[in-house]
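Structure record follows, encoded as structure tokens.
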Amino acid sequence: MSDFLPGLEGVAATKSAISFIDGEKGLLSYRGYSLETLAENSTFEETTLLLLEGELPTATKLNGFTGQLRKHYRIKYHIREMMRHFPATGHPMDMLQTAVSSLGMFYPGTECLTNADVCEDTNYIRNMTVNIIAQMAPLVAMWEHMRQGYDPIEPRDDLSVAENLLYMFTGKEPDPMMARIMDVCLILHAEHTLNASTFSALVSGSTLATPYSVISGAIGTLSGPLHGGANQQVLTMLKEIGSVDKVEAWVDGRLKNKEVIWGMGHREYKVKDPRATILSKLFGQLMEERGGTLDDTFEIAMKVEEVCADRLGHKGVYPNVDFYSGILYSEMGIPADQFTALFAVARSAGWLAHWREQISNNRIYRPTQIYVGSELRDYTPVSQR
Ligand code: COA
């Protein structure tokens, strides 16, 4: 009989060369480059190419890839029409999952996936990868206007993914500092080893489903509050606390009721998540730029971090990436229910890198289970029960 490990904790489900976490030291690297280095020096486009192909690109390669992405920002008219019929109250993650899944009908060509154990049609793989990564951000930003009854803002192919995202959200020329912060947020969320949504992408990918199915499944998995949905919960929590002097009592009340503190804790990290450290530094820079004037939410967050370090530090529970990302997005004027969709925009890079790794050396996932149900028994007709 196999061992059963709840949540598959510690079970290696694949071999991967894409990213690495040292949870004791609080280190995360993509393809051997530390996250701090990439956040300092790279762009989302370059980091995406690094994740997908394993090496930092030459200038020519990067320009070619960036150009390809920009060419694909525009969303097909029919998809836009379909989105017009979505209920305005629908959650952006449901919108994104549905829209990405529908893209699969408009961009066919899956022969390489249906005929072989190993897909070698590099054109198909490259084109679908570019198409999905390019279209995620415009879909999210378009929805912001459409759900309010307005026409979406057209994408601009002279802007980076981060700049265009802010432009399509706000309709204004993106502020360079905000665009840089958005770019860093995209880098930080782009990849994170074998988390729940990436595992879901591997499982779907291993059946040779199309990349659109793979990514829409991963979006659904990311939407849960124990995964990507936590950043929205963090902001709601901080608003609910309301002021710095109420933090201690609020945290203690939650812990007494055995409720989680949103944005705290991580299966992999036993110290502060390195992404949370980078985000809190970015916040400091933004505060400096604005002469110290920022929403009180940041101060409440810092106090929650301090109180939780005291109450939960001995369990290795510290802030994770979701703790600060929501506060930053909210400073950019992005509504809370869109935070997880932004996470998905960034993570599409990591999901597709794992999808490519999976199909280059594929075996379908088929784990086992430990049956705990009843023995074989006789069927009783409904009239005799
Ligand atoms: N608030 C309060 N206590 C927490 C906690 C949190 N956010 N996260 C973990 N703990 C406690 C658990 O209750 C458990 O305590 P116990 O040993 O006394 O039972 C201990 O820390 C170990 O946690 P565990 O539930 O085993 O961790 P996990 O690896 O199964 O779960 C998460 C990881 C992320 C699901 C969990 O930390 C969580 O729910 N966090 C809040 C949601 C969140 O921010 N998710 C985003 C992740 S990026």
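Naming works like this for the structure tokens: A, B, ... for the chains as they're shown, residue 1 at the start of each chain, ligands 1 onward in shown order.
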
Could you pull the residues within 10 Å of range 287-301 of chain A, counting only C-alpha atoms, minus those fewer than 6 positions along the same chain, as a list in words? Met177, Val234, Leu235, Met237, Leu238, Lys239, Ile241, Gly242, Ser243, Val244, Asp245, Lys246, Val247, Ser280, Lys281, Val307, Pro319, Phe323, Tyr324, Ile327, Leu328, Ser330 and Glu331 of chain A

Would you name the residues within 8 Å of ligand 1, counting only C-alpha atoms and all ligand atoms, and put them as a ChimeraX atom specification? /A:7,9,225-231,234,254-255,258-268,312,315-317,319-323

Identify, on the basis of only C-alpha atoms, every residue whose closest approach to range 46-53 of chain A does not exceed 8 Å; exclude the query and any residue fewer than 2 positions from it along the same chain; express the result as a PyMOL selection string. chain A and resi 18+30-31+38+42-44+55-57+62+65+187+190+349-350+352-353+356

Let me see the file: selected residues, C-alpha atoms, as an mmCIF file, in the first residue's frame.
data_model
loop_
_atom_site.group_PDB
_atom_site.id
_atom_site.type_symbol
_atom_site.label_atom_id
_atom_site.label_comp_id
_atom_site.auth_asym_id
_atom_site.auth_seq_id
_atom_site.Cartn_x
_atom_site.Cartn_y
_atom_site.Cartn_z
ATOM 1 C CA ILE A 18 12.511 26.166 -14.056
ATOM 2 C CA TYR A 30 14.228 31.392 -11.718
ATOM 3 C CA ARG A 31 16.561 29.335 -13.911
ATOM 4 C CA LEU A 38 15.619 39.820 -11.613
ATOM 5 C CA SER A 42 14.968 42.525 -15.569
ATOM 6 C CA THR A 43 11.578 43.131 -17.169
ATOM 7 C CA PHE A 44 8.535 40.874 -17.277
ATOM 8 C CA GLU A 55 18.616 31.397 -20.701
ATOM 9 C CA LEU A 56 18.663 35.185 -20.615
ATOM 10 C CA PRO A 57 17.892 36.263 -24.207
ATOM 11 C CA LEU A 62 14.217 39.845 -26.649
ATOM 12 C CA PHE A 65 9.704 38.322 -28.513
ATOM 13 C CA ILE A 187 8.172 39.327 -12.345
ATOM 14 C CA ALA A 190 5.580 34.818 -12.754
ATOM 15 C CA ALA A 349 4.542 32.694 -17.942
ATOM 16 C CA GLY A 350 5.375 30.044 -15.326
ATOM 17 C CA LEU A 352 3.433 27.805 -19.877
ATOM 18 C CA ALA A 353 7.071 27.146 -19.031
ATOM 19 C CA ARG A 356 6.412 23.130 -22.306
#

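Distances here use only C-alpha atoms; by that measure, the residue among A:Ala134, A:Val382, A:Met105, A:Ile125 closest to Glu45 in chain A is A:Ala134.
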
Could you find all residues in range 169-347 of chain A that DSSP calls helix (DSSP H, G or I) from the backbone, and write them as JSON, numbers by chain? {"A": [169, 170, 176, 177, 178, 179, 180, 181, 182, 183, 184, 185, 186, 187, 188, 189, 196, 197, 198, 199, 200, 201, 202, 203, 204, 205, 206, 211, 212, 213, 214, 215, 216, 217, 218, 219, 220, 221, 222, 230, 231, 232, 233, 234, 235, 236, 237, 238, 239, 240, 241, 244, 245, 246, 247, 248, 249, 250, 251, 252, 253, 254, 255, 256, 274, 275, 276, 277, 278, 279, 280, 281, 282, 283, 284, 285, 286, 287, 288, 289, 297, 298, 299, 300, 301, 302, 303, 304, 305, 306, 307, 308, 309, 310, 311, 312, 313, 314, 315, 321, 322, 323, 324, 325, 326, 327, 328, 329, 330, 331, 336, 337, 338, 339, 340, 341, 342, 343, 344, 345, 346, 347]}

Spatial neighbours of Lys76 in chain A, max dist 12 Å, only C-alpha atoms, sep filter under 3 positions, as a VMD selection string: chain A and resid 72 to 73 79 to 83 99 to 100 102 to 103 105 to 107 131 135 138 to 139 154

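Note that the spacing between CA of Gln97 in chain A and CA of Gly220 in chain A amounts to 6.4 Å.
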
Top pick for closest residue to Ala196 in chain A, considering A:Gly224, A:Gly10, A:Gly171, A:Gly149 and counting only C-alpha atoms: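 The closest residue to Ala196 in chain A is A:Gly224.
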